[in-house]
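Here is data-v5.txt, consisting of compact mmCIF, C-alpha atoms and all ligand atoms:
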# COMPACT_ATOMS: atom_id res chain seq x y z
CA MET A 1 -28.06 -27.63 31.63
CA THR A 2 -30.04 -26.82 34.73
CA ARG A 3 -29.81 -24.23 37.39
CA ALA A 4 -30.06 -24.90 41.12
CA SER A 5 -33.78 -24.19 40.82
CA GLY A 6 -34.10 -26.94 38.26
CA ARG A 7 -35.43 -24.55 35.63
CA ARG A 8 -34.08 -25.21 32.17
CA LEU A 9 -32.13 -22.39 30.67
CA ARG A 10 -33.50 -21.14 27.40
CA SER A 11 -31.06 -21.68 24.61
CA VAL A 12 -29.89 -18.35 23.31
CA PRO A 13 -27.75 -17.85 20.24
CA ALA A 14 -24.12 -17.68 21.32
CA ARG A 15 -22.88 -14.12 21.47
CA ARG A 16 -20.33 -13.47 18.81
CA THR A 17 -16.93 -13.34 20.39
CA GLU A 18 -14.77 -10.30 19.97
CA ASP A 19 -12.47 -12.17 17.58
CA GLN A 20 -15.41 -13.23 15.41
CA GLU A 21 -16.46 -9.61 15.21
CA LEU A 22 -12.93 -8.57 14.31
CA THR A 23 -12.80 -11.29 11.65
CA GLY A 24 -15.96 -9.81 10.16
CA ILE A 25 -14.35 -6.38 10.04
CA LEU A 26 -11.14 -7.78 8.53
CA ASN A 27 -13.14 -9.53 5.81
CA GLU A 28 -14.21 -6.12 4.51
CA MET A 29 -10.66 -4.82 4.41
CA PRO A 30 -8.91 -4.29 1.04
CA ASP A 31 -5.66 -6.27 0.56
CA LEU A 32 -3.68 -3.04 0.26
CA GLU A 33 -4.93 -1.84 3.62
CA VAL A 34 -3.99 -5.16 5.21
CA LEU A 35 -0.52 -4.77 3.70
CA CYS A 36 -0.03 -1.27 5.12
CA ARG A 37 -1.48 -2.20 8.49
CA THR A 38 1.07 -5.00 8.92
CA GLY A 39 3.81 -2.40 8.59
CA TRP A 40 3.67 1.30 7.89
CA HIS A 41 2.44 3.63 5.22
CA ARG A 42 5.05 4.82 2.74
CA TRP A 43 4.43 8.52 2.25
CA ALA A 44 5.41 9.78 -1.18
CA LEU A 45 7.84 12.41 0.09
CA ASP A 46 9.63 9.94 2.35
CA GLU A 47 10.68 8.08 -0.80
CA VAL A 48 12.27 11.09 -2.51
CA MET A 49 16.05 11.09 -2.66
CA PRO A 50 17.92 14.42 -2.46
CA GLY A 51 18.08 15.87 -5.96
CA GLU A 52 15.02 13.98 -7.14
CA SER A 53 11.80 15.70 -8.20
CA TRP A 54 8.75 15.23 -6.07
CA PRO A 55 6.36 12.75 -7.64
CA ASP A 56 3.31 14.17 -9.43
CA VAL A 57 0.99 12.64 -6.82
CA VAL A 58 2.18 15.22 -4.27
CA ARG A 59 -0.10 18.25 -4.16
CA ALA A 60 0.47 21.64 -2.53
CA TRP A 61 -1.91 24.49 -1.70
CA PRO A 62 -0.64 27.96 -0.83
CA GLN A 63 -1.95 29.18 2.52
CA ARG A 64 -1.29 32.49 4.27
CA ARG A 65 2.21 33.87 4.94
CA GLY A 66 3.88 31.65 2.39
CA VAL A 67 2.78 28.46 4.13
CA PHE A 68 1.98 25.55 1.85
CA ARG A 69 -0.33 22.69 2.72
CA ILE A 70 1.17 19.50 1.33
CA GLU A 71 -0.92 16.45 0.54
CA GLU A 72 0.89 13.21 -0.28
CA PRO A 73 -0.52 9.74 -0.71
CA CYS A 74 0.88 6.52 0.63
CA VAL A 75 2.54 5.02 -2.44
CA LYS A 76 2.00 1.52 -1.06
CA CYS A 77 -1.75 1.43 -0.44
CA GLY A 78 -3.00 4.62 -2.11
CA LEU A 79 -5.75 4.66 0.50
CA ALA A 80 -4.28 7.23 2.88
CA TRP A 81 -2.94 10.75 2.57
CA ARG A 82 -0.63 12.69 4.86
CA ILE A 83 -1.45 16.38 5.21
CA THR A 84 1.33 18.64 6.45
CA ASP A 85 1.84 22.40 6.55
CA THR A 86 5.24 23.89 5.80
CA LEU A 87 6.70 26.70 7.89
CA ALA A 88 6.14 30.30 6.76
CA GLY A 89 8.01 30.88 3.54
CA GLY A 90 7.61 27.28 2.42
CA THR A 91 10.39 25.74 4.49
CA MET A 92 9.85 22.08 5.30
CA ASP A 93 9.32 21.63 9.03
CA PRO A 94 10.80 18.32 10.19
CA PHE A 95 8.81 18.58 13.42
CA ALA A 96 5.50 19.47 11.79
CA VAL A 97 2.48 17.60 13.08
CA SER A 98 0.71 15.86 10.22
CA ARG A 99 -2.75 14.47 10.02
CA ILE A 100 -3.80 11.49 8.00
CA VAL A 101 -6.97 11.21 5.96
CA TYR A 102 -8.27 7.96 4.61
CA ASP A 103 -10.06 6.85 1.47
CA ARG A 104 -13.70 5.83 1.79
CA GLU A 105 -12.55 2.25 1.09
CA TRP A 106 -10.38 2.30 4.22
CA VAL A 107 -11.93 0.07 6.88
CA THR A 108 -11.59 1.36 10.43
CA ILE A 109 -11.23 -1.04 13.33
CA PRO A 110 -13.05 0.36 16.36
CA GLN A 111 -11.17 0.90 19.61
CA GLY A 112 -11.11 -2.09 21.88
CA TYR A 113 -10.36 -4.71 19.23
CA LYS A 114 -7.03 -6.48 19.02
CA ARG A 115 -5.86 -4.52 16.01
CA GLY A 116 -2.12 -4.77 16.55
CA LYS A 117 0.22 -5.49 13.67
CA ARG A 118 0.51 -9.16 14.64
CA ARG A 119 -3.22 -9.73 14.35
CA ILE A 120 -3.29 -8.02 10.95
CA ARG A 121 -0.26 -10.03 9.85
CA GLN A 122 -2.22 -13.15 10.75
CA GLU A 123 -4.89 -11.93 8.33
CA LEU A 124 -2.27 -11.27 5.63
CA TYR A 125 -0.86 -14.78 5.98
CA ARG A 126 -4.38 -16.23 5.85
CA ARG A 127 -5.06 -14.36 2.60
CA ARG A 128 -1.79 -15.47 1.05
CA GLY A 129 -2.77 -19.04 1.79
CA ALA A 130 -0.76 -21.95 3.17
CA ASP A 131 -0.28 -23.57 -0.28
CA ASP A 132 1.13 -20.41 -1.79
CA THR A 133 3.36 -19.86 1.23
CA ALA A 134 4.72 -23.40 0.89
CA ALA A 135 5.48 -22.85 -2.80
CA GLN A 136 7.12 -19.47 -2.13
CA LEU A 137 9.21 -20.94 0.70
CA GLU A 138 10.42 -23.72 -1.58
CA ARG A 139 11.43 -21.19 -4.24
CA ALA A 140 13.15 -18.91 -1.70
CA ALA A 141 15.03 -21.83 -0.15
CA ALA A 142 16.22 -23.01 -3.59
CA ARG A 143 17.38 -19.45 -4.41
CA THR A 144 19.18 -19.21 -1.09
CA ALA A 145 20.95 -22.54 -1.61
CA ALA A 146 22.01 -21.48 -5.14
CA ASP A 147 23.33 -18.13 -3.82
CA GLU A 148 25.25 -19.83 -1.03
CA GLU A 149 26.83 -22.24 -3.49
CA ALA A 150 27.80 -19.40 -5.84
CA ALA A 151 29.21 -17.33 -2.98
CA ALA A 152 31.28 -20.16 -1.51
CA PRO A 153 34.93 -19.08 -1.70
CA ALA A 154 37.09 -21.16 -4.03
CA ALA A 155 40.08 -20.84 -1.75
CA PRO A 156 40.40 -19.78 1.89
CA VAL A 157 40.75 -16.02 2.21
CA LEU A 158 43.83 -14.90 4.12
CA LYS A 159 42.87 -12.28 6.67
CA PHE A 160 45.13 -9.62 8.14
CA SER A 161 46.32 -10.99 11.45
CA GLY A 162 47.20 -7.67 13.04
CA ALA A 163 50.88 -8.39 13.44
CA SER A 164 53.25 -5.94 11.77
ZN ZN A 201 -0.52 2.83 3.04

Show this structure as structure tokens.
Ligand SMILES: [Zn+2]
Amino acid sequence: MTRASGRRLRSVPARRTEDQELTGILNEMPDLEVLCRTGWHRWALDEVMPGESWPDVVRAWPQRRGVFRIEEPCVKCGLAWRITDTLAGGTMDPFAVSRIVYDREWVTIPQGYKRGKRRIRQELYRRRGADDTAAQLERAAARTAADEEAAAPAAPVLKFSGAS
């Protein structure tokens, strides 16, 4: 390729595109992080039903004035923790602002990269592999067909017509 001056341009190594750089970052990412990044973290306390005990992974430190600092891991990835303070007296504050701390294994994606859930999902699907996806789809479709057949009503169901 020549310029108007006729001087040949020196060949320079192609600059890595932003997506190539992101791919490099994603390659370092643990599977569990990819999984959580496609959706949301599942904080331990968000999984507790009324009447259930808090799981042992939840930790609490007494602060001043009866405030407790609660630390709970994400039960899905185990790579992130939510830190929340209770109100004075240990009451849970539904509007409390939490902060999240991450494991050293957690790979951060710098600002400016396309790090939306769709891009991460693309990475998840790549890791699962097309062959595996095809096999899983076949199994799911067979299950669905079997369920539909089992659920098919033997006789038409008479519905209330509304007339009285
Ligand atoms: Zn998580």

**Q.** Among the residues A:Leu26, A:Ala130, A:Ala145, A:Leu35, the one that comes closest to ligand ZN 201 (chain A) [using all atoms listed in the file]
**A.**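 Ranked by minimum distance to ligand ZN 201 (chain A), first place goes to A:Leu35.
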
Q: List all protein, DNA and RNA residues that have at least one atom no more than 9 Å from any atom of ligand ZN 201 (chain A), counting only C-alpha atoms and all ligand atoms, and write them as a ChimeraX atom specification.
A: /A:32-37,39-43,73-81

Q: Have a look at CA of Arg104 (chain A) and CA of Gly129 (chain A) and let me know their distance in Å, one decimal.
A: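 Taking CA of Arg104 (chain A) and CA of Gly129 (chain A), their separation equals 27.2 Å.
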
**Q.** CA of Glu71 (chain A) to CA of Val57 (chain A), straight-line distance in Å
**A.**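 CA of Glu71 (chain A) lies 8.5 Å from CA of Val57 (chain A).
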
Q. What is the distance, in Å and to one decimal place, between CA of Arg82 (chain A) and CA of Ile100 (chain A)?
A.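 If I compute the distance from CA of Arg82 (chain A) to CA of Ile100 (chain A), I get 4.6 Å.
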
**Q.** Proximity to Ile109 (chain A) - best of A:Asp46, A:Asp132, A:Asp19, A:Asp56, all atoms listed in the file
**A.** A:Asp19

Q.
Could you check the closest approach to Gln122 (chain A) for each of A:Thr23, A:Ser53, A:Gln63, A:Glu28 and tell me which residue wins, using only C-alpha atoms?
A.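 Among A:Thr23, A:Ser53, A:Gln63, A:Glu28, it is A:Thr23 that comes nearest to Gln122 (chain A).
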
Output as a compact mmCIF listing (two decimals), in the coordinates of the input: region 110-128 of chain A, completed with N, CA and C atoms.
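Writing the result to rebuild-v2.txt gives the following:
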# COMPACT_ATOMS: atom_id res chain seq x y z
N PRO A 110 -12.72 -0.42 15.16
CA PRO A 110 -13.05 0.36 16.36
C PRO A 110 -12.10 0.06 17.52
N GLN A 111 -11.96 1.06 18.39
CA GLN A 111 -11.17 0.90 19.61
C GLN A 111 -11.64 -0.33 20.36
N GLY A 112 -10.72 -0.96 21.05
CA GLY A 112 -11.11 -2.09 21.88
C GLY A 112 -10.85 -3.44 21.23
N TYR A 113 -10.67 -3.45 19.90
CA TYR A 113 -10.36 -4.71 19.23
C TYR A 113 -8.85 -4.92 19.20
N LYS A 114 -8.46 -6.18 19.14
CA LYS A 114 -7.03 -6.48 19.02
C LYS A 114 -6.61 -6.17 17.59
N ARG A 115 -6.17 -4.94 17.38
CA ARG A 115 -5.86 -4.52 16.01
C ARG A 115 -4.38 -4.28 15.81
N GLY A 116 -3.57 -4.91 16.66
CA GLY A 116 -2.12 -4.77 16.55
C GLY A 116 -1.61 -5.38 15.25
N LYS A 117 -0.36 -5.04 14.93
CA LYS A 117 0.22 -5.49 13.67
C LYS A 117 0.25 -7.02 13.56
N ARG A 118 0.43 -7.69 14.69
CA ARG A 118 0.51 -9.16 14.64
C ARG A 118 -0.82 -9.76 14.20
N ARG A 119 -1.90 -9.21 14.71
CA ARG A 119 -3.22 -9.73 14.35
C ARG A 119 -3.50 -9.50 12.86
N ILE A 120 -3.07 -8.33 12.37
CA ILE A 120 -3.29 -8.02 10.95
C ILE A 120 -2.38 -8.91 10.09
N ARG A 121 -1.17 -9.16 10.58
CA ARG A 121 -0.26 -10.03 9.85
C ARG A 121 -0.87 -11.43 9.72
N GLN A 122 -1.52 -11.86 10.78
CA GLN A 122 -2.22 -13.15 10.75
C GLN A 122 -3.23 -13.17 9.59
N GLU A 123 -3.92 -12.06 9.41
CA GLU A 123 -4.89 -11.93 8.33
C GLU A 123 -4.20 -11.96 6.97
N LEU A 124 -3.04 -11.29 6.88
CA LEU A 124 -2.27 -11.27 5.63
C LEU A 124 -1.84 -12.68 5.26
N TYR A 125 -1.32 -13.42 6.24
CA TYR A 125 -0.86 -14.78 5.98
C TYR A 125 -2.03 -15.67 5.58
N ARG A 126 -3.19 -15.44 6.20
CA ARG A 126 -4.38 -16.23 5.85
C ARG A 126 -4.75 -15.98 4.39
N ARG A 127 -4.69 -14.70 3.98
CA ARG A 127 -5.06 -14.36 2.60
C ARG A 127 -4.07 -14.93 1.59
N ARG A 128 -2.79 -14.93 1.97
CA ARG A 128 -1.79 -15.47 1.05
C ARG A 128 -1.99 -16.97 0.87
